[in-house]
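*Asks:* Next comes the structure file start-v6.txt, holding compact mmCIF, C-alpha atoms.
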# COMPACT_ATOMS: atom_id res chain seq x y z
CA MET A 1 0.00 0.00 0.00
CA PRO A 2 1.52 3.36 -0.99
CA GLU A 3 2.27 5.90 1.70
CA LEU A 4 -0.33 8.62 1.94
CA ALA A 5 1.93 11.11 3.58
CA THR A 6 5.61 11.71 4.03
CA GLN A 7 7.13 12.93 7.21
CA SER A 8 9.33 16.02 6.85
CA GLU A 9 12.47 16.62 8.81
CA HIS A 10 12.24 19.57 11.17
CA TYR A 11 15.20 21.84 11.77
CA SER A 12 15.65 24.83 13.96
CA ALA A 13 18.18 27.52 14.75
CA VAL A 14 18.16 29.59 17.93
CA ILE A 15 19.54 33.08 17.36
CA THR A 16 20.35 35.11 20.45
CA ILE A 17 20.82 38.83 20.06
CA GLY A 18 21.12 40.84 23.26
CA ASP A 19 19.17 38.99 25.89
CA VAL A 20 16.55 37.56 23.60
CA ALA A 21 16.75 34.13 22.00
CA ILE A 22 14.49 33.46 19.03
CA ARG A 23 13.98 30.00 17.56
CA LEU A 24 13.41 29.72 13.82
CA ASN A 25 11.85 26.44 12.68
CA THR A 26 12.07 25.20 9.11
CA ILE A 27 11.72 21.98 7.17
CA ASP A 28 14.30 23.13 4.63
CA ALA A 29 17.86 21.97 5.34
CA ASP A 30 19.30 24.47 2.84
CA PHE A 31 17.57 27.36 4.57
CA LEU A 32 18.97 26.14 7.87
CA GLN A 33 22.43 26.43 6.33
CA ILE A 34 21.62 29.98 5.22
CA LEU A 35 20.71 30.80 8.84
CA HIS A 36 23.87 29.18 10.16
CA ARG A 37 26.04 31.19 7.79
CA ARG A 38 24.16 34.44 8.33
CA TYR A 39 24.06 34.29 12.13
CA ALA A 40 27.32 32.49 12.94
CA GLY A 41 28.46 33.68 16.36
CA PHE A 42 24.87 34.39 17.45
CA LEU A 43 23.61 30.81 17.38
CA SER A 44 22.89 29.26 20.74
CA PRO A 45 21.25 25.85 20.20
CA ASP A 46 20.89 25.17 23.91
CA ALA A 47 19.37 28.50 24.88
CA HIS A 48 15.77 28.71 25.98
CA ALA A 49 14.07 30.60 23.17
CA GLU A 50 11.62 33.22 24.33
CA PHE A 51 9.89 33.25 20.96
CA SER A 52 9.56 30.64 18.28
CA PHE A 53 8.75 31.28 14.61
CA ASP A 54 7.80 28.71 11.98
CA VAL A 55 9.32 29.79 8.69
CA ASP A 56 7.19 28.81 5.71
CA LEU A 57 9.30 29.07 2.57
CA LEU A 58 7.67 30.17 -0.64
CA PRO A 59 8.95 29.09 -4.04
CA PRO A 60 11.53 31.41 -5.58
CA THR A 61 9.72 34.31 -7.17
CA PHE A 62 10.03 38.02 -7.58
CA LEU A 63 9.09 39.53 -4.24
CA SER A 64 10.19 43.10 -3.86
CA PRO A 65 11.54 44.36 -0.53
CA ASP A 66 10.89 47.87 -1.87
CA VAL A 67 7.19 47.64 -1.13
CA ASP A 68 6.42 49.74 1.94
CA LEU A 69 6.75 47.99 5.24
CA SER A 70 3.63 47.77 7.35
CA VAL A 71 3.76 46.85 11.04
CA SER A 72 0.41 46.72 12.78
CA HIS A 73 -0.95 45.41 16.05
CA ARG A 74 -4.40 44.06 16.72
CA SER A 75 -5.84 41.81 19.39
CA GLY A 76 -2.46 40.80 20.74
CA ARG A 77 -1.02 39.94 17.34
CA TRP A 78 1.60 41.82 15.36
CA VAL A 79 1.46 41.61 11.59
CA LEU A 80 4.63 42.53 9.71
CA ASP A 81 4.15 42.90 6.00
CA ARG A 82 6.58 43.87 3.28
CA GLY A 83 6.87 42.92 -0.37
CA ASP A 84 9.24 40.08 0.39
CA PHE A 85 7.72 38.66 3.58
CA ARG A 86 4.67 38.44 5.79
CA ALA A 87 5.06 37.57 9.45
CA GLU A 88 2.57 37.19 12.27
CA TRP A 89 3.64 37.19 15.88
CA GLU A 90 1.74 36.67 19.12
CA PRO A 91 4.07 37.77 21.94
CA ALA A 92 1.82 36.36 24.66
CA ALA A 93 1.85 32.94 23.00
CA HIS A 94 5.61 33.27 22.41
CA ARG A 95 5.26 32.20 18.82
CA GLY A 96 4.73 33.37 15.29
CA SER A 97 5.09 32.51 11.64
CA ILE A 98 7.00 33.92 8.70
CA ARG A 99 6.30 33.42 4.99
CA GLN A 100 9.19 34.32 2.70
CA THR A 101 11.48 32.91 0.07
CA ALA A 102 14.74 31.25 1.11
CA ASN A 103 16.89 34.33 1.57
CA PRO A 104 18.67 35.86 4.57
CA TYR A 105 17.47 39.45 4.02
CA SER A 106 13.80 38.93 4.76
CA ILE A 107 14.46 37.01 7.97
CA ASP A 108 16.93 39.71 8.97
CA ALA A 109 14.24 42.37 8.61
CA VAL A 110 11.78 40.32 10.66
CA LEU A 111 14.34 39.85 13.44
CA ARG A 112 15.10 43.58 13.53
CA ILE A 113 11.43 44.41 13.87
CA VAL A 114 10.76 41.77 16.52
CA HIS A 115 13.74 42.89 18.59
CA THR A 116 12.65 46.52 18.25
CA LEU A 117 9.20 45.65 19.57
CA VAL A 118 10.58 43.52 22.42
CA LEU A 119 13.11 46.16 23.46
CA ALA A 120 10.60 48.99 23.34
CA ARG A 121 8.65 47.61 26.29
CA GLN A 122 11.89 47.33 28.26
CA GLY A 123 13.15 50.86 27.62
CA GLY A 124 15.70 49.71 25.03
CA PHE A 125 15.97 50.13 21.28
CA LEU A 126 17.86 49.33 18.11
CA LEU A 127 19.86 52.25 16.78
CA HIS A 128 21.32 53.04 13.37
CA SER A 129 24.82 53.27 14.73
CA ALA A 130 28.19 51.62 14.65
CA GLY A 131 29.35 50.41 18.04
CA ALA A 132 32.61 49.31 19.57
CA ILE A 133 33.98 48.36 22.96
CA ARG A 134 37.17 49.98 24.14
CA ASN A 135 38.63 49.74 27.64
CA GLY A 136 35.50 47.89 28.77
CA LYS A 137 33.17 50.69 27.64
CA ALA A 138 30.84 50.78 24.66
CA PHE A 139 30.85 53.76 22.30
CA LEU A 140 28.09 54.33 19.77
CA PHE A 141 28.38 56.29 16.51
CA ALA A 142 24.96 57.14 15.15
CA GLY A 143 24.08 58.44 11.75
CA VAL A 144 22.01 57.84 8.69
CA SER A 145 23.42 56.06 5.67
CA GLY A 146 26.54 57.88 4.48
CA ALA A 147 27.21 59.58 7.82
CA GLY A 148 30.33 57.50 8.43
CA LYS A 149 29.31 54.42 10.44
CA THR A 150 31.19 52.04 8.19
CA THR A 151 34.14 54.42 7.89
CA ILE A 152 34.62 54.80 11.61
CA SER A 153 34.25 51.03 12.02
CA ARG A 154 36.98 50.44 9.44
CA LEU A 155 39.25 52.90 11.24
CA ALA A 156 38.81 51.21 14.64
CA PRO A 157 42.15 50.36 16.27
CA PRO A 158 43.10 46.74 17.10
CA ASP A 159 42.17 47.14 20.77
CA ALA A 160 38.56 48.02 19.88
CA THR A 161 35.98 45.23 19.64
CA LEU A 162 33.44 45.94 16.93
CA LEU A 163 29.84 45.41 18.05
CA THR A 164 28.33 46.40 14.70
CA ASP A 165 28.88 48.75 11.80
CA GLU A 166 25.17 49.29 11.24
CA ILE A 167 22.64 48.50 13.98
CA SER A 168 23.33 48.68 17.72
CA TYR A 169 21.27 46.81 20.27
CA ILE A 170 20.75 48.94 23.39
CA ALA A 171 19.23 47.44 26.52
CA LYS A 172 18.23 49.36 29.62
CA ARG A 173 19.62 48.22 32.94
CA GLU A 174 19.16 49.46 36.47
CA LYS A 175 22.50 51.28 36.41
CA GLY A 176 22.46 52.51 32.83
CA TYR A 177 22.49 51.14 29.32
CA VAL A 178 24.31 48.19 27.80
CA ALA A 179 25.24 47.82 24.11
CA PHE A 180 25.30 44.33 22.60
CA GLY A 181 26.92 43.14 19.41
CA THR A 182 24.57 42.33 16.56
CA PRO A 183 24.74 40.33 13.34
CA PHE A 184 23.08 43.25 11.52
CA THR A 185 25.71 44.45 9.10
CA GLY A 186 26.18 47.44 6.87
CA GLU A 187 28.68 48.00 4.08
CA LEU A 188 31.43 46.35 6.09
CA ALA A 189 29.48 43.08 5.80
CA LYS A 190 31.20 41.87 8.95
CA LEU A 191 29.18 40.52 11.84
CA GLY A 192 29.67 42.25 15.16
CA GLU A 193 31.21 40.40 18.07
CA ASN A 194 28.66 38.73 20.30
CA CYS A 195 29.57 40.60 23.49
CA SER A 196 28.40 43.62 25.47
CA ALA A 197 29.53 46.54 27.60
CA PRO A 198 28.01 49.52 29.40
CA VAL A 199 27.38 52.46 27.08
CA ALA A 200 29.84 55.28 27.86
CA ALA A 201 28.82 57.75 25.15
CA LEU A 202 26.80 58.29 22.02
CA TYR A 203 28.36 60.28 19.19
CA LEU A 204 26.19 61.82 16.49
CA LEU A 205 28.33 61.53 13.37
CA ALA A 206 29.21 64.29 10.97
CA GLN A 207 32.04 64.40 8.48
CA GLY A 208 34.12 67.56 8.28
CA PRO A 209 37.56 69.04 7.74
CA GLU A 210 38.91 68.16 11.19
CA ASN A 211 38.35 65.82 14.12
CA ARG A 212 36.20 67.54 16.73
CA ILE A 213 33.92 66.52 19.59
CA GLU A 214 31.26 69.03 20.62
CA ALA A 215 28.64 69.05 23.31
CA VAL A 216 25.03 69.12 22.14
CA THR A 217 21.96 70.38 23.96
CA ALA A 218 19.66 67.83 25.56
CA ALA A 219 17.03 68.55 22.92
CA ASP A 220 19.54 68.09 20.09
CA ALA A 221 20.64 64.83 21.71
CA GLY A 222 17.03 63.67 21.85
CA ARG A 223 16.35 64.69 18.27
CA GLY A 224 19.58 63.07 17.08
CA LEU A 225 18.78 59.84 18.88
CA LEU A 226 15.18 59.69 17.70
CA ALA A 227 16.26 60.35 14.12
CA ASN A 228 18.41 57.21 14.24
CA MET A 229 16.22 54.85 16.27
CA LEU A 230 14.65 51.96 14.40
CA PHE A 231 10.95 52.50 14.55
CA PHE A 232 8.40 50.54 12.61
CA ALA A 233 4.86 51.16 13.77
CA GLU A 234 2.51 54.05 14.21
CA ASP A 235 1.08 52.32 17.23
CA HIS A 236 0.23 54.83 19.96
CA GLU A 237 1.77 52.87 22.83
CA LEU A 238 4.89 52.08 20.83
CA VAL A 239 5.41 55.76 20.03
CA HIS A 240 5.14 56.51 23.72
CA TRP A 241 7.66 53.81 24.67
CA ALA A 242 10.14 54.80 21.96
CA PHE A 243 9.95 58.46 22.89
CA LYS A 244 10.36 57.68 26.57
CA ALA A 245 13.31 55.38 25.85
CA ALA A 246 15.07 58.10 23.86
CA CYS A 247 14.46 60.78 26.48
CA ASP A 248 15.57 58.51 29.34
CA PHE A 249 18.71 57.56 27.41
CA VAL A 250 19.82 61.15 26.79
CA ASP A 251 19.13 61.92 30.45
CA ARG A 252 21.69 59.30 31.50
CA VAL A 253 24.24 58.88 28.70
CA PRO A 254 26.55 61.65 27.45
CA VAL A 255 25.77 62.57 23.85
CA PHE A 256 28.19 64.50 21.61
CA ARG A 257 28.53 65.53 18.00
CA LEU A 258 31.61 63.93 16.47
CA THR A 259 32.94 65.57 13.34
CA PHE A 260 35.72 63.58 11.77
CA VAL A 261 37.94 63.16 8.76
CA PRO A 262 38.40 59.61 7.51
CA ASP A 263 41.59 59.08 9.41
CA ALA A 264 42.42 56.65 12.23
CA ARG A 265 43.43 59.54 14.52
CA VAL A 266 39.75 60.11 15.30
CA TRP A 267 39.99 57.10 17.60
CA GLU A 268 42.55 58.93 19.76
CA MET A 269 39.58 60.93 21.05
CA ILE A 270 37.45 57.87 21.83
CA THR A 271 38.64 56.44 25.13
CA MET B 272 -18.28 88.57 21.34
CA ASN B 273 -15.84 85.78 20.58
CA LYS B 274 -16.62 82.32 21.87
CA LYS B 275 -14.43 80.85 24.56
CA LEU B 276 -12.05 78.21 23.34
CA TYR B 277 -10.86 75.34 25.52
CA VAL B 278 -7.63 73.59 24.66
CA ALA B 279 -6.29 70.21 25.79
CA ARG B 280 -3.19 68.21 25.09
CA SER B 281 -3.89 65.40 22.66
CA PRO B 282 -3.92 61.89 24.14
CA ARG B 283 -2.06 60.64 21.07
CA ILE B 284 1.24 62.31 21.75
CA ALA B 285 4.21 61.87 24.05
CA ALA B 286 6.09 64.91 25.32
CA ARG B 287 9.12 65.76 27.41
CA GLN B 288 10.97 68.93 28.29
CA LEU B 289 14.64 68.37 27.36
CA GLY B 290 16.73 71.26 28.56
CA GLU B 291 15.11 74.45 27.33
CA GLU B 292 12.96 72.80 24.69
CA MET B 293 9.71 70.87 24.68
CA LEU B 294 9.81 67.85 22.38
CA ILE B 295 6.57 66.26 21.30
CA MET B 296 6.14 63.08 19.35
CA SER B 297 2.89 62.35 17.62
CA ALA B 298 1.74 58.82 16.87
CA GLN B 299 0.39 60.23 13.63
CA GLY B 300 3.30 59.62 11.26
CA SER B 301 5.69 59.26 14.23
CA THR B 302 6.43 62.95 13.77
CA LEU B 303 8.67 64.87 16.14
CA PHE B 304 7.89 68.50 16.98
CA THR B 305 9.81 71.07 18.97
CA LEU B 306 7.75 73.79 20.58
CA ASN B 307 9.02 77.33 20.97
CA PRO B 308 8.72 78.97 24.41
CA THR B 309 5.29 80.50 23.70
CA ALA B 310 3.92 77.27 22.31
CA THR B 311 5.35 75.41 25.30
CA ILE B 312 3.50 77.66 27.73
CA LEU B 313 0.27 77.28 25.78
CA TRP B 314 0.72 73.53 25.59
CA GLN B 315 1.50 73.22 29.30
CA GLY B 316 -1.58 75.27 30.18
CA ALA B 317 -3.84 73.24 27.91
CA ASP B 318 -5.62 71.22 30.59
CA GLY B 319 -9.00 71.11 28.89
CA ALA B 320 -10.62 73.17 31.65
CA THR B 321 -8.83 76.48 31.22
CA THR B 322 -9.83 78.69 28.31
CA LEU B 323 -7.33 79.92 25.77
CA ASP B 324 -7.77 83.56 26.78
CA GLU B 325 -7.13 82.64 30.42
CA ILE B 326 -3.90 80.91 29.45
CA VAL B 327 -2.85 83.91 27.37
CA GLU B 328 -3.71 86.44 30.04
CA ARG B 329 -2.28 84.55 33.02
CA ARG B 330 0.70 82.79 31.50
CA ILE B 331 1.76 84.38 28.22
CA CYS B 332 1.16 88.10 28.82
CA SER B 333 2.81 87.81 32.22
CA GLU B 334 5.87 86.17 30.69
CA PHE B 335 6.31 88.19 27.50
CA ASP B 336 6.02 91.92 26.79
CA VAL B 337 2.94 91.70 24.57
CA ASN B 338 -0.55 93.20 24.70
CA LEU B 339 -3.51 90.93 25.32
CA GLU B 340 -5.27 91.48 21.99
CA GLU B 341 -2.19 90.72 19.92
CA ALA B 342 -1.27 87.76 22.11
CA MET B 343 -4.79 86.32 21.74
CA ARG B 344 -4.64 86.53 17.95
CA ASP B 345 -1.28 84.78 17.92
CA ALA B 346 -2.45 82.17 20.42
CA GLU B 347 -5.55 81.33 18.35
CA THR B 348 -3.40 80.89 15.25
CA LEU B 349 -0.93 78.77 17.21
CA ALA B 350 -3.69 76.63 18.75
CA GLU B 351 -5.18 75.98 15.31
CA ASP B 352 -1.75 75.06 14.00
CA LEU B 353 -1.07 72.66 16.87
CA ALA B 354 -4.53 71.16 16.45
CA ARG B 355 -3.87 70.62 12.74
CA HIS B 356 -0.78 68.61 13.67
CA GLY B 357 -2.73 66.52 16.17
CA ILE B 358 -0.89 67.94 19.18
CA LEU B 359 -3.73 69.94 20.71
CA LEU B 360 -7.48 69.52 20.98
CA VAL B 361 -9.57 72.68 20.60
CA SER B 362 -13.23 72.93 21.58
CA GLU B 363 -15.87 75.46 22.54
CA GLU B 364 -16.71 73.21 25.51
CA PRO B 365 -14.44 72.06 28.34
CA ILE B 366 -12.51 68.96 27.33
CA ILE B 367 -12.75 66.57 30.23
CA ASN B 368 -12.05 63.12 28.78
CA ARG B 369 -8.28 63.32 28.96
CA ASN B 370 -7.52 60.11 30.84
CA LEU B 371 -5.36 58.76 28.07
CA VAL B 372 -2.92 61.64 27.88
CA LEU B 373 0.56 60.18 27.90
CA GLN B 374 3.19 62.72 28.71
CA GLU B 375 6.69 62.54 30.02
CA GLN B 376 7.32 65.72 31.91
CA HIS B 377 10.02 66.24 34.45
Show the structure stored in the file as structure tokens.
*Replies:*
Amino acid sequence: MPELATQSEHYSAVITIGDVAIRLNTIDADFLQILHRRYAGFLSPDAHAEFSFDVDLLPPTFLSPDVDLSVSHRSGRWVLDRGDFRAEWEPAAHRGSIRQTANPYSIDAVLRIVHTLVLARQGGFLLHSAGAIRNGKAFLFAGVSGAGKTTISRLAPPDATLLTDEISYIAKREKGYVAFGTPFTGELAKLGENCSAPVAALYLLAQGPENRIEAVTAADAGRGLLANMLFFAEDHELVHWAFKAACDFVDRVPVFRLTFVPDARVWEMIT
Amino acid sequence: MNKKLYVARSPRIAARQLGEEMLIMSAQGSTLFTLNPTATILWQGADGATTLDEIVERRICSEFDVNLEEAMRDAETLAEDLARHGILLVSEEPIINRNLVLQEQH
């Protein structure tokens, strides 16, 4: 008698960024390899995953990531929708699902959004910034694309540990803020180190004719931080949390404007 | 005679005074606004129970060297502008249902 059904193998990868472990389940061994390559250094198979997502792979097709991202929340469920993926996530149930083709970019976007939403409730955030640890302290360099995040990362001296050249993970702690390495890469295409340190300063990047660090007003610090925070939803509560997180951060962490020329000497000022 | 206008802070914004400036973030488009000193005073006084002319007379005219009539005209324009951006609610009746106002003021 012929078999009526075949049993699929189930694979999973647990990716821990910051404090949060997320399990991705798939029946596709090749996609598992994609995850292993993409998140090497951030895989923790034995960690207890706080959230678990079933990844449903669609056949290869033209799905455009350029379609506007939509992140909405209703009845305890987040729906993340972009041209190249659709994800649903129920935080209270600790699980969700993702439909996408077998590529690392869509899953990366989903992870960024999920971490943003998780951090927001805890007073933390993801920030468009390079980050590095030096002398046991984390320094963040925030700026939009082209501001110099990759450049300053490339110029980092050997004693600096690169946390990211693109997206920093900032968690709030009782005594301050801690920056964690992330696998979210920019032009450097190099994963950050999976380690953390207390945040000593945030620099708002500008490129200019000389290396200079200037104080900024509290309001400029807040505006600069908010301009670089990852923020995906027009949800009323989320706006409140993100705004509060930014204001609390600039209350406690020194913020400066760093103008620099693309020269390694800029790091002489970062200690 | 002009009608009394009541003004209230919108429940759909978050706000915090950072240094000398009042920053306000609206859920509508996640837009960030910075209020000037006059707008900050108006916004702080906008409790839904106090009329606009009372705010102007008690808080703006006492702070700035400006006559009441001119200050009222400017305040009405400002209130309309803030209302258009979803920061302020304006009504001819007291605005009492303000339980949801989320603000971060130190």
*Asks:* Residues at most 8 Å from stretch 304-313 of chain B, counting only C-alpha atoms, excluding those fewer than 6 positions away in the same chain, as a list of chain:residue names?
*Replies:* B:Glu292, B:Met293, B:Leu294, B:Ile295, B:Met296, B:Ser297, B:Ile326, B:Val327, B:Arg330, B:Ile331, B:Ala346, B:Leu349
*Asks:* Find the nearest atom pair between each residue of chain B and chain A for residues within 9 Å, count all atoms listed in the file, give distances in Å to one decimal, sort rows by chain and ascending number, and present the table as CSV.
*Replies:*
residue,atom,partner,partner_atom,distance
B:Arg283,CA,A:His236,CA,6.3
B:Ile284,CA,A:His240,CA,7.3
B:Ala285,CA,A:His240,CA,5.5
B:Ala286,CA,A:Phe243,CA,7.9
B:Arg287,CA,A:Cys247,CA,7.4
B:Gln288,CA,A:Ala219,CA,8.1
B:Leu289,CA,A:Ala219,CA,5.0
B:Gly290,CA,A:Ala218,CA,5.4
B:Glu291,CA,A:Ala219,CA,7.6
B:Glu292,CA,A:Ala219,CA,6.1
B:Met293,CA,A:Ala219,CA,7.9
B:Leu294,CA,A:Ala219,CA,7.3
B:Ile295,CA,A:Phe243,CA,8.6
B:Met296,CA,A:Phe243,CA,7.0
B:Ser297,CA,A:Val239,CA,7.5
B:Ala298,CA,A:His236,CA,5.3
B:Gln299,CA,A:Glu234,CA,6.6
B:Gly300,CA,A:Glu234,CA,6.4
B:Ser301,CA,A:Glu234,CA,6.1
B:Leu303,CA,A:Arg223,CA,8.0
B:Thr305,CA,A:Ala219,CA,8.6
B:Leu373,CA,A:His240,CA,7.2
B:Gln374,CA,A:His240,CA,8.2
B:Glu375,CA,A:Lys244,CA,7.0
*Asks:* To one decimal place, how far is atom CA of A:Ala245 from atom CA of A:Leu126 in Å?
*Replies:*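 According to the coordinates, atom CA of A:Ala245 and atom CA of A:Leu126 are separated by 10.8 Å.
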*Asks:* Which of these residues is nearest to B:Lys275, using only C-alpha atoms: B:Asp324, B:Gln315, B:Thr302, B:Ala342?
*Replies:*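 The answer is B:Asp324, which sits nearest to B:Lys275.
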*Asks:* Can you work out the spacing between atom CA of A:Lys172 and atom CA of A:Met229 in Å, to one decimal?
*Replies:* 14.6 Å
*Asks:* Out of A:His36, A:Ala49, A:Ile152, A:Leu43, which residue has the shortest atom-to-atom distance to A:Arg23 when counting all atoms listed in the file?
*Replies:*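 Smallest distance to A:Arg23 is found for A:Ala49.
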*Asks:* Please list as a list in words every residue within 12 Å of A:Arg112, counting only C-alpha atoms and excluding residues in the same chain fewer than 6 positions away.
*Replies:*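 The neighbour list is Ile17, Gly18, Val20, Ile22, Leu80, Tyr105, Ser106, Val118, Leu119, Phe125, Leu126, Leu127, His128, Glu166, Ile167, Ser168, Tyr169, Thr182, Pro183, Phe184, Thr185, Met229, Leu230, Phe231 and Phe232 of chain A.
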*Asks:* Give me the residues near B:Leu360 as a ChimeraX atom specification, where near means some atom within 6 Å (using only C-alpha atoms) and where sequence neighbours in that chain fewer than 4 positions away do not count.
*Replies:* /B:278-279,281,354
*Asks:* For A:Gly143, work out the shell of residues within 7 Å, counting only C-alpha atoms and skipping chain neighbours fewer than 6 positions away, then give it as a ChimeraX atom specification.
*Replies:* /A:128-129,149,204-205,228
*Asks:* Name the residues, using the chain letters and numbers of the file, that sit within 7 Å of (31.2, 68.3, 18.8) when counting only C-alpha atoms, and give them as a ChimeraX atom specification.
*Replies:* /A:212-215,256-259
*Asks:* Taking the point (28.5, 57.3, 29.9) as given in the file, collect each protein or nucleic acid residue that comes within 7 Å of it, counting all atoms listed in the file, and present the set as a PyMOL selection string.
*Replies:* chain A and resi 199-201+253-254
*Asks:* In Å, how far is it from atom CA of A:Glu174 to atom CA of A:Gly131?
*Replies:*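 Those two atoms sit 21.1 Å apart.
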*Asks:* Any chance you could build stretch 316-336 of chain B out to N, CA and C atoms and write it as a short mmCIF file (atom, residue, chain, number, x, y, z; two decimals), in the coordinates of the input?
*Replies:*
data_model
loop_
_atom_site.label_atom_id
_atom_site.label_comp_id
_atom_site.auth_asym_id
_atom_site.auth_seq_id
_atom_site.Cartn_x
_atom_site.Cartn_y
_atom_site.Cartn_z
N GLY B 316 -0.35 74.78 29.55
CA GLY B 316 -1.58 75.27 30.18
C GLY B 316 -2.83 74.61 29.64
N ALA B 317 -2.68 73.82 28.59
CA ALA B 317 -3.84 73.24 27.91
C ALA B 317 -4.36 72.02 28.68
N ASP B 318 -5.13 72.32 29.74
CA ASP B 318 -5.62 71.22 30.59
C ASP B 318 -7.06 70.83 30.28
N GLY B 319 -7.64 71.45 29.28
CA GLY B 319 -9.00 71.11 28.89
C GLY B 319 -10.05 71.87 29.68
N ALA B 320 -9.66 72.44 30.81
CA ALA B 320 -10.62 73.17 31.65
C ALA B 320 -10.38 74.67 31.62
N THR B 321 -9.17 75.06 31.26
CA THR B 321 -8.83 76.48 31.22
C THR B 321 -9.02 76.99 29.79
N THR B 322 -9.62 78.17 29.66
CA THR B 322 -9.83 78.69 28.31
C THR B 322 -8.54 79.28 27.76
N LEU B 323 -8.53 79.40 26.44
CA LEU B 323 -7.33 79.92 25.77
C LEU B 323 -7.02 81.34 26.24
N ASP B 324 -8.07 82.16 26.37
CA ASP B 324 -7.77 83.56 26.78
C ASP B 324 -7.26 83.63 28.22
N GLU B 325 -7.69 82.67 29.05
CA GLU B 325 -7.13 82.64 30.42
C GLU B 325 -5.65 82.27 30.40
N ILE B 326 -5.31 81.31 29.56
CA ILE B 326 -3.90 80.91 29.45
C ILE B 326 -3.06 82.09 28.95
N VAL B 327 -3.59 82.77 27.95
CA VAL B 327 -2.85 83.91 27.37
C VAL B 327 -2.68 85.00 28.42
N GLU B 328 -3.76 85.33 29.08
CA GLU B 328 -3.71 86.44 30.04
C GLU B 328 -2.81 86.10 31.24
N ARG B 329 -2.99 84.89 31.77
CA ARG B 329 -2.28 84.55 33.02
C ARG B 329 -0.84 84.10 32.77
N ARG B 330 -0.61 83.42 31.64
CA ARG B 330 0.70 82.79 31.50
C ARG B 330 1.56 83.40 30.41
N ILE B 331 0.94 83.85 29.32
CA ILE B 331 1.76 84.38 28.22
C ILE B 331 2.03 85.88 28.40
N CYS B 332 0.97 86.65 28.66
CA CYS B 332 1.16 88.10 28.82
C CYS B 332 2.05 88.42 30.03
N SER B 333 1.98 87.55 31.03
CA SER B 333 2.81 87.81 32.22
C SER B 333 4.28 87.46 31.96
N GLU B 334 4.51 86.62 30.98
CA GLU B 334 5.87 86.17 30.69
C GLU B 334 6.54 87.02 29.61
N PHE B 335 5.74 87.46 28.63
CA PHE B 335 6.31 88.19 27.50
C PHE B 335 5.71 89.60 27.45
N ASP B 336 6.48 90.54 26.89
CA ASP B 336 6.02 91.92 26.79
C ASP B 336 5.13 92.05 25.55
#
